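First up is the structure itself, then whatever we jot down about it.
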2 protein chains.
Amino acid sequence: MPVLFAAAVEHTSVLLSLFLILASAKLMAEIFERLKQPAVVGEILAGVVIGPSLLGWVQPTDLLSIIAEIGVIFLLFLVGLETKPQDIFRVGRKALTVAVLGVILPFIAGYFIAVLWGGSFVEAMFIGAALVATSVGITARVLGSMGLLDKETSRIILGAAVIDDILGLIILSIVSGLANGGVSLSSLGKTAGLAIAFTVVVGLGGSRVISWLAPRIDALKVSKPFFNIGLILCLGLSVVSLYFGVAAIIGAFLAGMAMAEATEDNPKVHQLTSGVTEFLVPFFLVNIGMQLDLSVFRDSNVVVLAIVITIAAVITKFVGGGLGAYGMSRREMAQIGVGMIPRGEVGIVVAQIGLGMAVISQQFFASVLFMAVATTLIAPPLIKIFFAEDKDKDGKMDEFEHHDISDEYSRIG
Amino acid sequence: MPVLFAAAVEHTSVLLSLFLILASAKLMAEIFERLKQPAVVGEILAGVVIGPSLLGWVQPTDLLSIIAEIGVIFLLFLVGLETKPQDIFRVGRKALTVAVLGVILPFIAGYFIAVLWGGSFVEAMFIGAALVATSVGITARVLGSMGLLDKETSRIILGAAVIDDILGLIILSIVSGLANGGVSLSSLGKTAGLAIAFTVVVGLGGSRVISWLAPRIDALKVSKPFFNIGLILCLGLSVVSLYFGVAAIIGAFLAGMAMAEATEDNPKVHQLTSGVTEFLVPFFLVNIGMQLDLSVFRDSNVVVLAIVITIAAVITKFVGGGLGAYGMSRREMAQIGVGMIPRGEVGIVVAQIGLGMAVISQQFFASVLFMAVATTLIAPPLIKIFFAEDKDKDGKMDEFEHHDISDEYSRIG
């Protein structure tokens with residue numbers, strides 16, 4: 001119907017944005033695949049190109065950030081579907097040391113860099129906090145595309161990322177408490193306790209509940225019952241996790257993990273879910289790229305600070321995460337270290353909170369933003385290199401080996 | 001992370017709305033399936049229950065209407081994937097008469113009812129226009145769930161719905177031209193010409209272009225190349241169709257139809273797409289239900305008017321659509337007639353335009369809204385009854401026969 005009609009029902013400009021994002025992401029993914037580089041990097045750079053920094057075809061909006069978040073939520077749900085609880089618990093202790101060392105080192109580095117650059121105590125605490133939290137979405141995407149999610153090192157990375165999120169929460173609570181003039185130890189303990197209790201209870205009990213419910217789910221008359229229950233559980237636990245002070249993606253991951261055993265012999269659930277992620281994840285990646293505002297880097301001071309923070313973020317996480325896996329082979333330690341590098345949207349958010357509370361300056365904000373995007377761009381090629389020899393030719397979500405005829409699952413489609 | 005963090009990154013209330021919509025839709029779908037009623041009706045009623053009319057848990061927002069629109073766009077894309085162009089062209093002449101008679105009769109009925117109720121000339125023209133356009137999403141969903149999309153009558157309904165949309169566009173152009181004080185025949189001709197040209201060219205040529213491109217698509221290095229090209233084409237043609245004055249869902253349907261032959265032996269594309277639709281279509285259905293504001297029906301005048309308009313809308317579309325299929329068996333004529341009944345969001349939009357131009361009164365607006373939702377609720381049980389004997393036990397999207405073991409495609413998941 002004409003413009004008149006279009007204006008009323010149809011969201012022409014929104015649909016156009018979605019089209020531009022998807023088309024540019026896949027174009028860049030194709031180019032990067034041909035250059036033997038990870039597709040995710042191409043998709044993030046697509047966001048830099050079409051976003052406000054360069055072409056300005058698409059602006060970051062609330063709507064796009066919501067679609068991006070739904071995308072990463074379903075990505076972690078899919079990763080959870082391929083992760084049985086015992087796979088994580090078996091590596092629990094190692095994941096804990098990886099998470100703790102991978103949090104301490106970047107925090108200290110961020111703190112001292114900020115102090116050296118003339119930041120106040122609170123400012124330095126914020127920069128430290130912004131360097132802490134691993135954004136597991138990127139790593140999960142790359143490992144999934146290489147078919148390596150069932151490796152022990154992948155599981156340690158996933159487990160550590162979950163613990164990381166809780167540690168990040170505690171640190172952010174302390175730091176924003178300081179910015180607000182004080183920290184109450186009891187409220188801090190309550191926050192942390194709730195987050196830990198939620199994660200442990202759902203992680204331990206979810207799978208049993210779903211396995212017990214499985215015959216009842218199977219008896220439902222609604223179409224595709226396991227997939228639909230999975231969707232509801234994924235969104236439901238994402239919301240509940242927020243109320244318990246944990247990131248939504250952790251809830252989604254726990255939801256997937258709860259369903260992993262019950263749907264083990266049910267490849268359709270995985271495939272239907274991968275239809276959703278294949279559609280929505282590009283919005284998550286492009287949205288990260290769109291956050292980067294290249295214009296702040298006209299100031300050479302900011303450039304130097306941004307590069308220093310980025311290098312520190314990469315090295316401290318690599319060393320901290322790697323050392324946490326002490327006792328494994330050096331190659332595995334290195335694999336875990338690189339897997340923890342991406343900060344992605346989590347670092348951006350911490351910096352935004354600091355900016356919103358008017359406790360960090362624009363130069364620090366811009367530098368942390370750069371660090372968040374840069375670590376996300378640096379990690380995938382490193383992951384590809386460090387995991388190259390382990391690449392699973394039958395990988396379920398394989399993007400790289402798709403010329404292998406045997407890889408039917410990923411290739412067809 | 002805590003409330004602080006949640007407020008910044010995570011869209012807690014949005015995720016909660018999405019969860020409530022999906023969970024209530026599937027709960028109602030399950031109840032309706034057990035009562036041997038169509039699941040779609042349950043999902044629309046879920047919108048009435050949780051929407052502003054009753055519980056008020058979820059409010060219709062721009063974001064939800066966009067997600068709803070993406071849902072119906074992908075539904076029509078999936079329907080297109082199962083429809084080869086020749087299937088539609090073979091029934092072209094019949095579809096044309098079905099569409100034309102199914103447009104003329106409701107328009108006349110709407111016009112005279114409005115005049116009888118004291119409406120002005122322009123008001124009566126608007127009410128007529130609001131009764132015209134079939135909303136094919138609902139019918140496609142029900143027929144798809146019964147596995148009947150490859151029936152001749154289904155194809156006539158689909159073809160007629162496409163033509164319907166173009167006729168509706170012409171009528172709406174005339175009516176809003178009149179409301180604005182005049183109609184330019186040349187601009188009207190141009191609008192109609194562009195819409196018809198776009199539909200015919202893409203409908204005829206799209207499939208050939210994609211078949212010609214198929215080996216190149218297959219050679220792409222990006223993961224799931226056919227599915228990703230399909231997503232891009234679906235969004236792209238949805239946007240382009242709006243510029244040509246055709247509804248986005250028509251563009252999505254044409255995109256699916258263009259890919260139907262090239263992906264015929266590629267069930268993964270259908271299944272990945274059905275993952276997307278299974279997730280998003282409930283938002284489309286619930287959103288229709290949420291539009292209904294039951295409080296306007298405290299006025300008994302509006303109740304009578306709404307019921308009269310609804311009865312007229314059902315009968316005239318049934319008779320007009322059915323007569324258009326003259327020459328087929330009476331049962332097939334009746335099947336086509338009921339398939340054309342749902343007005344859904346299209347009727348709502350026409351009424352909204354009239355309200356926005358201040359040419360129709362609140363009582364007519366409320367009645368048309370009621371008619372749009374009511375025809376959408378009435379049609380699925382009628383479709384189920386009239387098509388009962390043809391139900392395909394191997395139906396690909398079967399929701400009703402899922403206890404049939406042979407029906408693996410739909411059941412598993």
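All residue names refer to the structure tokens as shown: chains lettered A, B, ... in order, residues numbered from 1 in each chain, ligands numbered from 1 in order.
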| field | Spatial neighbours of A:Pro38, max dist 9 Å, only C-alpha atoms, sep filter under 3 positions, as a ChimeraX atom specification | value | /A:29,32-33,35,41-42,142,380-381,384,400
Would you mind exporting N, CA and C atoms of the selected residues as a PDB file, in the first residue's frame?
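Output below, filename again08.pdb:
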```pdb
ATOM      1  N   ALA A  29      31.217 -10.904   6.285  1.00  0.00           N
ATOM      2  CA  ALA A  29      31.538 -12.268   6.717  1.00  0.00           C
ATOM      3  C   ALA A  29      32.112 -13.060   5.547  1.00  0.00           C
ATOM      4  N   PHE A  32      35.622 -11.873   4.813  1.00  0.00           N
ATOM      5  CA  PHE A  32      36.578 -12.357   5.813  1.00  0.00           C
ATOM      6  C   PHE A  32      36.819 -13.861   5.692  1.00  0.00           C
ATOM      7  N   GLU A  33      35.788 -14.610   5.376  1.00  0.00           N
ATOM      8  CA  GLU A  33      35.975 -16.052   5.160  1.00  0.00           C
ATOM      9  C   GLU A  33      36.960 -16.290   4.021  1.00  0.00           C
ATOM     10  N   LEU A  35      39.273 -14.351   3.051  1.00  0.00           N
ATOM     11  CA  LEU A  35      40.625 -13.968   3.489  1.00  0.00           C
ATOM     12  C   LEU A  35      41.118 -14.889   4.601  1.00  0.00           C
ATOM     13  N   VAL A  41      34.628 -11.201  13.012  1.00  0.00           N
ATOM     14  CA  VAL A  41      35.362  -9.935  12.913  1.00  0.00           C
ATOM     15  C   VAL A  41      34.770  -9.104  11.769  1.00  0.00           C
ATOM     16  N   GLY A  42      34.506  -9.774  10.631  1.00  0.00           N
ATOM     17  CA  GLY A  42      33.889  -9.074   9.513  1.00  0.00           C
ATOM     18  C   GLY A  42      32.547  -8.474   9.890  1.00  0.00           C
ATOM     19  N   VAL A 142      32.800 -18.121  18.006  1.00  0.00           N
ATOM     20  CA  VAL A 142      33.943 -18.616  17.238  1.00  0.00           C
ATOM     21  C   VAL A 142      34.169 -20.099  17.510  1.00  0.00           C
ATOM     22  N   PRO A 380      39.050 -13.230  18.083  1.00  0.00           N
ATOM     23  CA  PRO A 380      38.713 -14.331  17.162  1.00  0.00           C
ATOM     24  C   PRO A 380      39.889 -14.853  16.331  1.00  0.00           C
ATOM     25  N   PRO A 381      40.733 -13.984  15.732  1.00  0.00           N
ATOM     26  CA  PRO A 381      41.862 -14.564  14.993  1.00  0.00           C
ATOM     27  C   PRO A 381      42.803 -15.335  15.917  1.00  0.00           C
ATOM     28  N   LYS A 384      41.272 -18.616  16.645  1.00  0.00           N
ATOM     29  CA  LYS A 384      41.408 -19.472  15.463  1.00  0.00           C
ATOM     30  C   LYS A 384      42.807 -20.082  15.391  1.00  0.00           C
ATOM     31  N   PHE A 400      33.926 -22.857   8.990  1.00  0.00           N
ATOM     32  CA  PHE A 400      35.201 -22.795   8.279  1.00  0.00           C
ATOM     33  C   PHE A 400      35.409 -24.003   7.387  1.00  0.00           C
TER      34      PHE A 400
END
```
| message | Residues of stretch 224-314 of chain A classed as alpha helix (DSSP H) by DSSP on the backbone are to be reported as a PyMOL selection string. | response | chain A and resi 225-243+248-260+267-291+300-314
Closest contacts (stretch 267-378 of chain B/stretch 224-247 of chain B, max 9 Å, only C-alpha atoms) as a Markdown table:
```
| residue | atom | partner | partner_atom | distance |
| --- | --- | --- | --- | --- |
| B:Lys268 | CA | B:Phe227 | CA | 8.2 |
| B:Val269 | CA | B:Phe227 | CA | 5.3 |
| B:His270 | CA | B:Phe227 | CA | 8.4 |
| B:Leu272 | CA | B:Phe227 | CA | 7.3 |
| B:Thr273 | CA | B:Phe227 | CA | 7.6 |
```
| field | 12 Å contact set for A:His11, only C-alpha atoms, chain neighbours under 6 positions out, as number ranges by chain | value | A: 3-5, 17-18, 63; B: 62-70, 73, 235, 238-239, 242-243, 247-248
Any chance you can output those residues with N, CA, C and O atoms as a JSON list (two decimals), in the first residue's frame?
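Result file again17.json:
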```json
[["chain", "number", "residue", "atom", "x", "y", "z"],
["A", 3, "VAL", "N", 2.59, 5.14, 0.53],
["A", 3, "VAL", "CA", 3.31, 5.76, 1.63],
["A", 3, "VAL", "C", 2.43, 5.94, 2.86],
["A", 3, "VAL", "O", 2.81, 5.62, 3.98],
["A", 4, "LEU", "N", 1.26, 6.46, 2.62],
["A", 4, "LEU", "CA", 0.23, 6.64, 3.63],
["A", 4, "LEU", "C", 0.06, 5.40, 4.48],
["A", 4, "LEU", "O", 0.11, 5.42, 5.71],
["A", 5, "PHE", "N", -0.14, 4.27, 3.77],
["A", 5, "PHE", "CA", -0.37, 3.01, 4.42],
["A", 5, "PHE", "C", 0.92, 2.54, 5.09],
["A", 5, "PHE", "O", 0.93, 2.12, 6.24],
["A", 17, "SER", "N", 16.76, -0.69, 8.02],
["A", 17, "SER", "CA", 17.93, -0.86, 8.89],
["A", 17, "SER", "C", 18.27, -2.33, 9.07],
["A", 17, "SER", "O", 19.44, -2.72, 8.99],
["A", 18, "LEU", "N", 17.24, -3.13, 9.34],
["A", 18, "LEU", "CA", 17.50, -4.56, 9.55],
["A", 18, "LEU", "C", 18.11, -5.18, 8.30],
["A", 18, "LEU", "O", 19.06, -5.97, 8.38],
["A", 63, "LEU", "N", 15.90, 0.04, 19.81],
["A", 63, "LEU", "CA", 15.34, -1.15, 19.17],
["A", 63, "LEU", "C", 16.44, -2.10, 18.74],
["A", 63, "LEU", "O", 16.39, -3.31, 19.00],
["B", 62, "ASP", "N", 5.48, 0.18, 20.23],
["B", 62, "ASP", "CA", 6.05, 0.20, 18.90],
["B", 62, "ASP", "C", 6.99, -0.99, 18.71],
["B", 62, "ASP", "O", 7.01, -1.62, 17.66],
["B", 63, "LEU", "N", 7.76, -1.27, 19.78],
["B", 63, "LEU", "CA", 8.70, -2.39, 19.69],
["B", 63, "LEU", "C", 7.97, -3.70, 19.42],
["B", 63, "LEU", "O", 8.35, -4.48, 18.55],
["B", 64, "LEU", "N", 6.89, -3.95, 20.17],
["B", 64, "LEU", "CA", 6.16, -5.20, 19.98],
["B", 64, "LEU", "C", 5.55, -5.26, 18.60],
["B", 64, "LEU", "O", 5.51, -6.31, 17.97],
["B", 65, "SER", "N", 5.06, -4.11, 18.09],
["B", 65, "SER", "CA", 4.46, -4.16, 16.76],
["B", 65, "SER", "C", 5.52, -4.41, 15.69],
["B", 65, "SER", "O", 5.24, -5.03, 14.67],
["B", 66, "ILE", "N", 6.75, -3.97, 15.94],
["B", 66, "ILE", "CA", 7.82, -4.27, 14.98],
["B", 66, "ILE", "C", 8.17, -5.76, 15.02],
["B", 66, "ILE", "O", 8.29, -6.41, 13.98],
["B", 67, "ILE", "N", 8.29, -6.32, 16.22],
["B", 67, "ILE", "CA", 8.57, -7.75, 16.33],
["B", 67, "ILE", "C", 7.43, -8.54, 15.69],
["B", 67, "ILE", "O", 7.65, -9.52, 14.98],
["B", 68, "ALA", "N", 6.19, -8.09, 15.94],
["B", 68, "ALA", "CA", 5.03, -8.75, 15.34],
["B", 68, "ALA", "C", 5.13, -8.71, 13.82],
["B", 68, "ALA", "O", 4.87, -9.71, 13.14],
["B", 69, "GLU", "N", 5.53, -7.56, 13.28],
["B", 69, "GLU", "CA", 5.62, -7.45, 11.83],
["B", 69, "GLU", "C", 6.73, -8.34, 11.27],
["B", 69, "GLU", "O", 6.55, -8.99, 10.23],
["B", 70, "ILE", "N", 7.88, -8.37, 11.96],
["B", 70, "ILE", "CA", 8.95, -9.27, 11.49],
["B", 70, "ILE", "C", 8.43, -10.72, 11.52],
["B", 70, "ILE", "O", 8.72, -11.51, 10.62],
["B", 73, "ILE", "N", 6.17, -11.27, 8.55],
["B", 73, "ILE", "CA", 7.01, -11.24, 7.35],
["B", 73, "ILE", "C", 7.68, -12.61, 7.15],
["B", 73, "ILE", "O", 7.65, -13.18, 6.05],
["B", 235, "LEU", "N", 14.06, -9.72, 3.82],
["B", 235, "LEU", "CA", 14.01, -8.35, 4.35],
["B", 235, "LEU", "C", 14.11, -7.33, 3.21],
["B", 235, "LEU", "O", 13.41, -6.31, 3.21],
["B", 238, "SER", "N", 10.91, -7.11, 1.28],
["B", 238, "SER", "CA", 9.88, -6.49, 2.12],
["B", 238, "SER", "C", 9.99, -4.97, 2.06],
["B", 238, "SER", "O", 8.98, -4.26, 1.93],
["B", 239, "VAL", "N", 11.21, -4.47, 2.14],
["B", 239, "VAL", "CA", 11.42, -3.02, 2.09],
["B", 239, "VAL", "C", 11.08, -2.48, 0.70],
["B", 239, "VAL", "O", 10.35, -1.50, 0.56],
["B", 242, "LEU", "N", 7.46, -2.08, -0.07],
["B", 242, "LEU", "CA", 6.84, -0.90, 0.53],
["B", 242, "LEU", "C", 7.04, 0.33, -0.37],
["B", 242, "LEU", "O", 6.14, 1.14, -0.52],
["B", 243, "TYR", "N", 8.23, 0.44, -0.97],
["B", 243, "TYR", "CA", 8.49, 1.57, -1.85],
["B", 243, "TYR", "C", 7.63, 1.50, -3.11],
["B", 243, "TYR", "O", 7.29, 2.51, -3.70],
["B", 247, "ALA", "N", 2.31, -4.20, 0.41],
["B", 247, "ALA", "CA", 2.61, -4.54, 1.81],
["B", 247, "ALA", "C", 3.90, -5.35, 1.90],
["B", 247, "ALA", "O", 4.23, -6.12, 1.00],
["B", 248, "ALA", "N", 4.59, -5.19, 3.03],
["B", 248, "ALA", "CA", 5.87, -5.90, 3.24],
["B", 248, "ALA", "C", 5.70, -7.41, 3.15],
["B", 248, "ALA", "O", 6.57, -8.10, 2.62]]
```
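Residue neighbourhood of A:Ile88, excluding near-sequence residues (fewer than 2 positions): Thr83, Lys84, Pro85, Gln86, Arg90, Val91, Gly92, Arg155, Ile156, Leu158 and Gly159 of chain A, at 8 Å, using only C-alpha atoms.
Among the candidates A:Val368, A:Ile174, A:Leu294, A:Ala358, the one nearest to chain B when counting only C-alpha atoms is A:Ile174.
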| Point-to-point distance from atom CA of A:Gln37 to atom CA of A:Val49, Å rounded to tenths | 17.5 Å
| said: When you count only C-alpha atoms, which of these residues is closest to chain B: A:Val276, A:Leu204, A:Val314, A:Leu149? | reply: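 Between A:Val276, A:Leu204, A:Val314, A:Leu149, the residue approaching chain B most closely is A:Val276.
As for atom CA of A:Leu101 and atom CA of A:Gly324, they are spaced 5.8 Å apart.
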| query | In Å to one decimal, how far is atom CA of B:Ile288 from atom CA of B:Val136? | reply | 13.6 Å
| field | Within 12 Å of B:Gly205 using only C-alpha atoms, minus same-chain residues under 3 positions, as a VMD selection string | value | chain B and resid 85 to 86 197 to 202 208 to 212 254 to 255 257 to 259
Please produce a file of the residues just selected, as a short mmCIF file (atom, residue, chain, number, x, y, z; two decimals), in the first residue's frame, where the atoms kept are N, CA and C atoms.
```
data_model
loop_
_atom_site.label_atom_id
_atom_site.label_comp_id
_atom_site.auth_asym_id
_atom_site.auth_seq_id
_atom_site.Cartn_x
_atom_site.Cartn_y
_atom_site.Cartn_z
N PRO B 85 6.33 -20.71 -8.13
CA PRO B 85 5.61 -19.70 -8.92
C PRO B 85 4.54 -20.30 -9.82
N GLN B 86 4.87 -21.41 -10.51
CA GLN B 86 3.87 -21.97 -11.43
C GLN B 86 2.61 -22.43 -10.69
N ALA B 197 3.23 -3.85 -11.44
CA ALA B 197 4.47 -4.17 -12.15
C ALA B 197 5.46 -4.87 -11.22
N PHE B 198 5.63 -4.32 -10.01
CA PHE B 198 6.56 -4.92 -9.05
C PHE B 198 6.19 -6.38 -8.78
N THR B 199 4.90 -6.59 -8.47
CA THR B 199 4.47 -7.94 -8.10
C THR B 199 4.66 -8.92 -9.24
N VAL B 200 4.27 -8.51 -10.44
CA VAL B 200 4.35 -9.40 -11.59
C VAL B 200 5.82 -9.69 -11.94
N VAL B 201 6.64 -8.63 -11.97
CA VAL B 201 8.05 -8.82 -12.36
C VAL B 201 8.77 -9.72 -11.37
N VAL B 202 8.61 -9.44 -10.07
CA VAL B 202 9.30 -10.26 -9.07
C VAL B 202 8.72 -11.68 -9.04
N ARG B 208 13.59 -17.36 -11.45
CA ARG B 208 14.62 -17.61 -12.47
C ARG B 208 15.96 -17.03 -12.03
N VAL B 209 15.92 -15.82 -11.48
CA VAL B 209 17.17 -15.19 -11.03
C VAL B 209 17.84 -16.05 -9.95
N ILE B 210 17.03 -16.51 -8.99
CA ILE B 210 17.61 -17.30 -7.90
C ILE B 210 18.11 -18.65 -8.42
N SER B 211 17.36 -19.27 -9.32
CA SER B 211 17.83 -20.55 -9.87
C SER B 211 19.14 -20.36 -10.61
N TRP B 212 19.25 -19.24 -11.32
CA TRP B 212 20.47 -18.94 -12.05
C TRP B 212 21.63 -18.68 -11.07
N LEU B 254 6.91 -13.12 -1.96
CA LEU B 254 7.58 -13.21 -3.27
C LEU B 254 9.03 -13.68 -3.09
N ALA B 255 9.69 -13.23 -2.02
CA ALA B 255 11.06 -13.66 -1.75
C ALA B 255 11.11 -15.16 -1.51
N MET B 257 8.89 -17.37 -2.51
CA MET B 257 8.51 -18.06 -3.75
C MET B 257 9.70 -18.08 -4.71
N ALA B 258 10.48 -16.97 -4.73
CA ALA B 258 11.65 -16.93 -5.61
C ALA B 258 12.67 -18.00 -5.24
N MET B 259 12.71 -18.35 -3.93
CA MET B 259 13.69 -19.34 -3.48
C MET B 259 13.13 -20.75 -3.44
#
```
| said: Show me, as a ChimeraX atom specification, the residues that have an atom within 9 Å of A:Met357 when counting only C-alpha atoms, minus same-chain residues fewer than 2 positions from it. | reply: /A:176,179-180,352-355,359-360
Just to be explicit: take each residue in the selection above, keep N, CA, C and O atoms, and write the result as a PDB file, in the first residue's frame.
```pdb
ATOM      1  N   SER A 176      30.638   1.157  42.274  1.00  0.00           N
ATOM      2  CA  SER A 176      29.591   2.183  42.223  1.00  0.00           C
ATOM      3  C   SER A 176      29.170   2.586  43.618  1.00  0.00           C
ATOM      4  O   SER A 176      28.752   3.726  43.833  1.00  0.00           O
ATOM      5  N   ALA A 179      31.607   5.242  44.441  1.00  0.00           N
ATOM      6  CA  ALA A 179      31.273   6.475  43.730  1.00  0.00           C
ATOM      7  C   ALA A 179      30.103   7.180  44.398  1.00  0.00           C
ATOM      8  O   ALA A 179      30.003   8.404  44.393  1.00  0.00           O
ATOM      9  N   ASN A 180      29.212   6.399  44.983  1.00  0.00           N
ATOM     10  CA  ASN A 180      28.066   6.988  45.668  1.00  0.00           C
ATOM     11  C   ASN A 180      28.382   7.341  47.107  1.00  0.00           C
ATOM     12  O   ASN A 180      27.509   7.752  47.863  1.00  0.00           O
ATOM     13  N   GLN A 352      29.780   3.060  30.478  1.00  0.00           N
ATOM     14  CA  GLN A 352      28.581   3.905  30.383  1.00  0.00           C
ATOM     15  C   GLN A 352      28.031   4.245  31.757  1.00  0.00           C
ATOM     16  O   GLN A 352      27.571   5.357  31.996  1.00  0.00           O
ATOM     17  N   ILE A 353      28.066   3.267  32.650  1.00  0.00           N
ATOM     18  CA  ILE A 353      27.586   3.527  34.011  1.00  0.00           C
ATOM     19  C   ILE A 353      28.452   4.604  34.663  1.00  0.00           C
ATOM     20  O   ILE A 353      27.945   5.551  35.265  1.00  0.00           O
ATOM     21  N   GLY A 354      29.772   4.459  34.500  1.00  0.00           N
ATOM     22  CA  GLY A 354      30.688   5.451  35.055  1.00  0.00           C
ATOM     23  C   GLY A 354      30.425   6.844  34.491  1.00  0.00           C
ATOM     24  O   GLY A 354      30.381   7.833  35.222  1.00  0.00           O
ATOM     25  N   LEU A 355      30.227   6.899  33.172  1.00  0.00           N
ATOM     26  CA  LEU A 355      29.934   8.178  32.525  1.00  0.00           C
ATOM     27  C   LEU A 355      28.610   8.744  33.043  1.00  0.00           C
ATOM     28  O   LEU A 355      28.491   9.941  33.328  1.00  0.00           O
ATOM     29  N   VAL A 359      31.538  10.064  36.976  1.00  0.00           N
ATOM     30  CA  VAL A 359      32.776   9.819  37.715  1.00  0.00           C
ATOM     31  C   VAL A 359      33.948   9.468  36.795  1.00  0.00           C
ATOM     32  O   VAL A 359      35.071   9.350  37.269  1.00  0.00           O
ATOM     33  N   ILE A 360      33.685   9.249  35.498  1.00  0.00           N
ATOM     34  CA  ILE A 360      34.839   9.060  34.608  1.00  0.00           C
ATOM     35  C   ILE A 360      34.779  10.080  33.470  1.00  0.00           C
ATOM     36  O   ILE A 360      33.707  10.508  33.047  1.00  0.00           O
TER      37      ILE A 360
END
```
| query | So which one's closest to chain A, B:Ile307, B:Ala379, B:Ile138, B:Leu167? Using only C-alpha atoms, please. | reply | B:Leu167
| query | Which residue, B:Ser24, B:Ser154, B:Ser223, B:Gln59, has the smallest gap to chain A when you use only C-alpha atoms? | reply |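 Among the listed residues, the smallest separation from chain A belongs to B:Ser223.
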| field | Best match for closeness to chain B among A:Val346, A:Ile336, A:Leu105, A:Ile341, counting only C-alpha atoms | value |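 Of A:Val346, A:Ile336, A:Leu105, A:Ile341, the one nearest chain B, counting only C-alpha atoms, is A:Val346.
Distances from A:Lys221, A:Arg93, A:Lys36, A:Lys151 to chain B were compared using only C-alpha atoms, and the smallest one belongs to A:Lys221.
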| query | Do you know which residues are at most 10 Å from B:Val302 counting only C-alpha atoms, after dropping those on the same chain fewer than 3 positions away, and could you put them as a PyMOL selection string? | reply | chain B and resi 296-299+305-308+362-367+370
